[in-house]
Amino acid sequence: MSRHIAGGTAVSAPTGRRIFILRDPHRCSGCRLCEVACSLHHEGTVFPEASRIRVIELIPGIDVPHLCAKCPDYPCLKACQREGYNAIRVDEATGAPIVDADKCTGCGACIRACPGKVPRLHPVTRKALICDLCGGDPACVKACRDAGYNALIAVPETDRDLFELYSVMPQFLVERLKETYYGEHGGEM
Amino acid sequence: MAYGYAGRILEVDLSREKTRLVELDDEVLEAFIGGRGLGAYLLMREFHGEWEGLDPLSPRNPLYFLTGPLTGYYPGVKLLVTAKSPQSNGIVGSVLSSEVAIELRAAGLDGLVVRGAAKSPVYVYVENGEAEIRDAEHLWGLGGRETFRRLRDELYRELLSRHLNRDGLPREPAFVYIGPAGENRVRTAAVMAKWVHAAGYGGYGAVMGSKNLKAVAVRGTGPMPRAKWPGWVRMLIQAAWEKLNGNTLTKYWGTGLGAYMVAARTSSEPVRNWREEWHRNRNLAPQAFEAHWVKRYWGDYGCPSTCMKVSFLRNGRYAGSATDAPDYELQAYLGPNLGVFEPRAVIHLSYLADELGLCGIQTGNVMGFAAELYERGVLTREDLGGLELKWGDADAFARLMEMIARREGIGDLLAEGVYRAARRISEWKGVDVSDCAVHVKGIGVGAHGVRSGKDFPAYSYPVGVQGGDHTSAPRLPVTKMWGEHWATFVDSAVICAFNADDKLPFEFLKAITGWDVDMERWAREHAKRILAVQRLALLLGGPDAYWDPRRDDDLPKRFYEPLPSGPFKGKAPRREEVEEKRLEYYGEVGWDRLGVPSDETLEELGLGWLRGAAERVRRRLGG
């Protein structure tokens, strides 16, 4: 599995394809196997706060997967550049924004610039965490697929203008989902 | 410090408004592992000299929220709640699904203990080893859904303002809470989470209420405590996922196929207060329940099984009712046990139990008991405040549930649970109604009968240290899965029993802690030790109830009445068989003929300090 190489050139995806992770709240069970798989892959242990993907469950039964949508204009990267740190660059093989831990100061500019507030700071290292697509073969997608939910599906990256709309605050979706699930009673939830 | 543990619990004293960290010894952890075992040890270590005088609903009863070394690692999360039980007067390890357990581990804590009582309603907020006692006046009196909404909103607003622009979007807050039933110290009240999750057995919702404690919220930002062999743990997690991913029917229906199957096949489902245990009502098919699900697969953190399902009734008289599935226990106890055979009505009653913060098992049990007494004319319409409590009348039972939760009229008496209510009604009416009280040592029996011989063994409930708790019923040989020895393991490792088998979790234990224990050794040492502690607490009992094994290590009287219907019509266990197996079981666990852990057993298990307690029990029993 290729990982970020500090200061180096683009890392290559083993599968050699550019993918996007579709996320379906209707199929999401809230089981967070994706989070466990992510933290096992990146942190070597179960570490909920350090998962790059997150499922937000503000209302019981309404589960919204939340992760980087690879906006074509990379507002996170631009914000980091504006701050003069240049700690984020794009993996040419996968299109994922890659954080250079050596350069990241934990200033949070990337978080504030992100329309979906997806990046987070690692609770221990205080470096920005953004999904790196595991170099092209994401552990979260595999865990979700193997469990039979397919709430996360890796697809070829075809319509980035459309996919970037996934960079959204979970609440935006929860407001609609609660109506679908719980009708007029959703308002009390 | 031991691998797999934080090695400390946080103590919050509501009377003194003080908090402190309490270190746990490695030897204690190795001997009792966590959760149920650790809780039983801590409770008895502190109170073994004066257990009988400790009132479960007094400020002195400490309330523990505990995790175990496997919590967060093994797929499926559970939180263990324990204290002196206001139902059995012993110690019940009661579990519910709640991310609070994961948060505690991530906060660098093995658990939390709440002592004392607050002067006015409060909730406790824990973040990474620090606790705050916060005002909860505005939450007191609210039902489950409203409590959840308000507390979530206020905590999430706070988290967002603190974190969103600094270190990113916080996870949703995790908390457990009580409904009106717990506030009113109803002995069948549960500790609740996320609308539908309940730690029901034990009655710890009432203990929270007695402390003026509305909720406990926990946030932790660290990893799970360090494992001895992390690489092996990673491999084991993959192995567990592969195994659990294949359990198609568990995932598909959860336990929701039970309402039909447990009645039609094994004939062991409570029907009209256990007068029958059989039906073939095709209305109670999983297909009928699932037709009301708005979500088929629902799970908490790290669980591939997702046995929970969300039912929701959009229209009609029960519009707005939302609950989990219901699972088999609530299908049975709020369905056929009350003569209710309409899934919509069962969903509504299950929702109401959640909303009021009641244990659906214990409350369904006491309501069935009341309905039988109404039918027999012991309880009159006037006694019931004008209610006609007829089998199958879901609206009447809904009303009665409200009365119980709010301790209105007859509800005040029924709120004491079936054992105490039967005692009081017998005195009040001058007739013995104990034959309709289906409990073992103060705890209503789970929805699995023994009479057909096809479900739970007849000797199981009588000798269990958690009374009628179906999740902790002994089996012989004691190494059998689903027996009480095995239950002490899942409840002490604090994982979900439905995800566990008799091998994989022990491998996790070794990889995480380095301790080499298999089911055989567990049964011989750990389980025996934990059961001895719980058994002594149960037999010490008090202050309002004491058990005598010669009388109380037995089935409810009803279970000796021959089954009146179904394929096993006429069947009932033989008393001699129960008696024989009871003594065999005592032998297996090292209890004497009175059912008291022997001095030899106590010494062998490192429990010599409990010899005085055992002696007090023997003296009381005249042995």
# chains A, B, ... in the order shown; residues from 1 in each chain; ligands from 1
call {"tool": "closest_atom_pairs", "arguments": {"of": "chain A", "to": "chain B", "cutoff": "8 Å", "atoms": "only C-alpha atoms", "output": "JSON lines"}}
result
{"residue": "A:Cys28", "atom": "CA", "partner": "B:Tyr297", "partner_atom": "CA", "distance": 8.0}
{"residue": "A:Ser29", "atom": "CA", "partner": "B:Trp298", "partner_atom": "CA", "distance": 4.4}
{"residue": "A:Gly30", "atom": "CA", "partner": "B:Gly299", "partner_atom": "CA", "distance": 5.5}
{"residue": "A:Cys31", "atom": "CA", "partner": "B:Gly299", "partner_atom": "CA", "distance": 4.6}
{"residue": "A:Arg32", "atom": "CA", "partner": "B:Tyr301", "partner_atom": "CA", "distance": 5.3}
{"residue": "A:Leu33", "atom": "CA", "partner": "B:Gly302", "partner_atom": "CA", "distance": 5.1}
{"residue": "A:Val36", "atom": "CA", "partner": "B:Gly302", "partner_atom": "CA", "distance": 6.5}
{"residue": "A:Leu40", "atom": "CA", "partner": "B:Arg234", "partner_atom": "CA", "distance": 7.0}
{"residue": "A:Gly44", "atom": "CA", "partner": "B:Pro230", "partner_atom": "CA", "distance": 7.3}
{"residue": "A:Thr45", "atom": "CA", "partner": "B:Pro230", "partner_atom": "CA", "distance": 6.9}
{"residue": "A:Val46", "atom": "CA", "partner": "B:Met224", "partner_atom": "CA", "distance": 5.9}
{"residue": "A:Phe47", "atom": "CA", "partner": "B:Pro223", "partner_atom": "CA", "distance": 4.1}
{"residue": "A:Pro48", "atom": "CA", "partner": "B:Pro223", "partner_atom": "CA", "distance": 6.9}
{"residue": "A:Glu49", "atom": "CA", "partner": "B:Thr221", "partner_atom": "CA", "distance": 5.4}
{"residue": "A:Arg54", "atom": "CA", "partner": "B:Arg171", "partner_atom": "CA", "distance": 7.8}
{"residue": "A:Ile56", "atom": "CA", "partner": "B:Glu172", "partner_atom": "CA", "distance": 6.3}
{"residue": "A:Glu57", "atom": "CA", "partner": "B:Glu172", "partner_atom": "CA", "distance": 6.4}
{"residue": "A:Leu58", "atom": "CA", "partner": "B:Glu172", "partner_atom": "CA", "distance": 5.9}
{"residue": "A:Pro60", "atom": "CA", "partner": "B:Lys194", "partner_atom": "CA", "distance": 6.0}
{"residue": "A:Gly61", "atom": "CA", "partner": "B:Trp298", "partner_atom": "CA", "distance": 6.6}
{"residue": "A:Cys107", "atom": "CA", "partner": "B:Arg166", "partner_atom": "CA", "distance": 7.6}
{"residue": "A:Gly108", "atom": "CA", "partner": "B:Arg166", "partner_atom": "CA", "distance": 5.6}
{"residue": "A:Ile111", "atom": "CA", "partner": "B:Gly168", "partner_atom": "CA", "distance": 6.0}
{"residue": "A:Arg112", "atom": "CA", "partner": "B:Asn165", "partner_atom": "CA", "distance": 5.6}
{"residue": "A:Lys117", "atom": "CA", "partner": "B:Leu169", "partner_atom": "CA", "distance": 6.2}
{"residue": "A:Val118", "atom": "CA", "partner": "B:Leu169", "partner_atom": "CA", "distance": 6.9}
{"residue": "A:Pro119", "atom": "CA", "partner": "B:Gly168", "partner_atom": "CA", "distance": 6.2}
{"residue": "A:Arg120", "atom": "CA", "partner": "B:Gly168", "partner_atom": "CA", "distance": 4.3}
{"residue": "A:Leu121", "atom": "CA", "partner": "B:Asp167", "partner_atom": "CA", "distance": 4.9}
{"residue": "A:Pro123", "atom": "CA", "partner": "B:Thr221", "partner_atom": "CA", "distance": 6.2}
{"residue": "A:Val124", "atom": "CA", "partner": "B:Gly222", "partner_atom": "CA", "distance": 7.6}
{"residue": "A:Asp146", "atom": "CA", "partner": "B:Asn245", "partner_atom": "CA", "distance": 7.1}
{"residue": "A:Ala147", "atom": "CA", "partner": "B:Asn245", "partner_atom": "CA", "distance": 5.2}
{"residue": "A:Gly148", "atom": "CA", "partner": "B:Asn245", "partner_atom": "CA", "distance": 7.5}
{"residue": "A:Tyr181", "atom": "CA", "partner": "B:Val294", "partner_atom": "CA", "distance": 6.1}
{"residue": "A:Tyr182", "atom": "CA", "partner": "B:Arg314", "partner_atom": "CA", "distance": 7.0}
{"residue": "A:Gly183", "atom": "CA", "partner": "B:Arg314", "partner_atom": "CA", "distance": 6.8}
{"residue": "A:His185", "atom": "CA", "partner": "B:Gly320", "partner_atom": "CA", "distance": 5.9}
{"residue": "A:Glu188", "atom": "CA", "partner": "B:Glu146", "partner_atom": "CA", "distance": 7.5}
{"residue": "A:Met189", "atom": "CA", "partner": "B:Arg149", "partner_atom": "CA", "distance": 5.9}
call {"tool": "select_by_dssp", "arguments": {"residues": "segment 261-357 of chain B", "states": "strand (DSSP E or B)", "output": "PyMOL selection string"}}
result
chain B and resi 271+276+293-298+308-312+322-324
call {"tool": "closest_residue", "arguments": {"among": "B:Ala263, B:Leu43, B:Ala136, B:Tyr125", "to": "Glu158 of chain B", "atoms": "only C-alpha atoms"}}
result
B:Tyr125
call {"tool": "residues_around", "arguments": {"residues": "Pro556 of chain B", "least_positions_apart": "3", "cutoff": "12 Å", "atoms": "only C-alpha atoms", "output": "PyMOL selection string"}}
result
chain B and resi 273-275+418-419+433-445+449-451+458-462+467-468+551-553+559-561+572-573+575+578
call {"tool": "closest_residue", "arguments": {"among": "A:Ile53, A:Ala79, A:Ile19, A:Cys68", "to": "Gly116 of chain A", "atoms": "only C-alpha atoms"}}
result
A:Cys68
call {"tool": "residues_around", "arguments": {"residues": "Thr125 of chain A", "least_positions_apart": "4", "cutoff": "10 Å", "atoms": "only C-alpha atoms", "output": "PDB file with N, CA and C atoms, in the first residue's frame"}}
result
ATOM      1  N   ALA A 101       2.855  16.045   6.930  1.00  0.00           N
ATOM      2  CA  ALA A 101       2.826  16.233   8.382  1.00  0.00           C
ATOM      3  C   ALA A 101       3.982  17.123   8.856  1.00  0.00           C
ATOM      4  N   THR A 105       1.089  22.881  10.390  1.00  0.00           N
ATOM      5  CA  THR A 105       1.250  23.511  11.708  1.00  0.00           C
ATOM      6  C   THR A 105       0.013  23.337  12.574  1.00  0.00           C
ATOM      7  N   GLY A 106      -1.015  22.699  12.002  1.00  0.00           N
ATOM      8  CA  GLY A 106      -2.257  22.523  12.764  1.00  0.00           C
ATOM      9  C   GLY A 106      -3.015  23.834  12.921  1.00  0.00           C
ATOM     10  N   LEU A 121      -8.150  17.937  12.897  1.00  0.00           N
ATOM     11  CA  LEU A 121      -6.801  17.808  13.424  1.00  0.00           C
ATOM     12  C   LEU A 121      -6.701  16.527  14.228  1.00  0.00           C
TER      13      LEU A 121
END
call {"tool": "select_by_dssp", "arguments": {"residues": "segment 142-197 of chain B", "states": "helix (DSSP H, G or I)", "output": "ChimeraX atom specification"}}
result
/B:144-167,180-183
call {"tool": "write_last_selection", "arguments": {"atoms": "C-alpha atoms", "output": "PDB file, in the first residue's frame"}}
result
ATOM      1  CA  GLY B 144     -36.831   9.907  25.978  1.00  0.00           C
ATOM      2  CA  ARG B 145     -37.093  11.556  22.607  1.00  0.00           C
ATOM      3  CA  GLU B 146     -37.223  15.085  23.977  1.00  0.00           C
ATOM      4  CA  THR B 147     -34.424  14.405  26.447  1.00  0.00           C
ATOM      5  CA  PHE B 148     -32.330  13.073  23.593  1.00  0.00           C
ATOM      6  CA  ARG B 149     -33.082  16.038  21.315  1.00  0.00           C
ATOM      7  CA  ARG B 150     -32.432  18.742  23.907  1.00  0.00           C
ATOM      8  CA  LEU B 151     -29.307  17.233  25.381  1.00  0.00           C
ATOM      9  CA  ARG B 152     -27.868  16.416  21.957  1.00  0.00           C
ATOM     10  CA  ASP B 153     -28.606  19.928  20.726  1.00  0.00           C
ATOM     11  CA  GLU B 154     -27.032  21.652  23.684  1.00  0.00           C
ATOM     12  CA  LEU B 155     -23.973  19.404  23.769  1.00  0.00           C
ATOM     13  CA  TYR B 156     -23.454  19.535  20.030  1.00  0.00           C
ATOM     14  CA  ARG B 157     -23.813  23.301  19.923  1.00  0.00           C
ATOM     15  CA  GLU B 158     -21.157  23.517  22.590  1.00  0.00           C
ATOM     16  CA  LEU B 159     -18.854  21.088  20.776  1.00  0.00           C
ATOM     17  CA  LEU B 160     -19.306  22.902  17.480  1.00  0.00           C
ATOM     18  CA  SER B 161     -18.504  26.282  18.976  1.00  0.00           C
ATOM     19  CA  ARG B 162     -15.411  24.882  20.649  1.00  0.00           C
ATOM     20  CA  HIS B 163     -14.094  22.722  17.837  1.00  0.00           C
ATOM     21  CA  LEU B 164     -15.557  23.321  14.393  1.00  0.00           C
ATOM     22  CA  ASN B 165     -13.237  26.104  13.266  1.00  0.00           C
ATOM     23  CA  ARG B 166     -10.303  24.989  15.326  1.00  0.00           C
ATOM     24  CA  ASP B 167      -9.928  21.260  14.893  1.00  0.00           C
ATOM     25  CA  PRO B 180     -39.687   9.807  33.739  1.00  0.00           C
ATOM     26  CA  ALA B 181     -39.731   6.230  35.118  1.00  0.00           C
ATOM     27  CA  GLY B 182     -36.159   6.473  36.354  1.00  0.00           C
ATOM     28  CA  GLU B 183     -36.795   9.920  37.786  1.00  0.00           C
TER      29      GLU B 183
END
call {"tool": "residues_around", "arguments": {"residues": "Lys429 of chain B", "least_positions_apart": "2", "cutoff": "12 Å", "atoms": "only C-alpha atoms", "output": "ChimeraX atom specification"}}
result
/B:373,377-380,383,421-427,431-433
call {"tool": "atom_distance", "arguments": {"atom1": "atom CA of His279 of chain B", "atom2": "atom CA of Gly357 of chain B"}}
result
29.1 Å
call {"tool": "atom_distance", "arguments": {"atom1": "atom CA of Leu22 of chain A", "atom2": "atom CA of Ile153 of chain A"}}
result
5.0 Å
call {"tool": "closest_residue", "arguments": {"among": "A:Cys134, A:Cys114, A:Leu67, A:Ile59", "to": "Leu152 of chain A", "atoms": "only C-alpha atoms"}}
result
A:Leu67
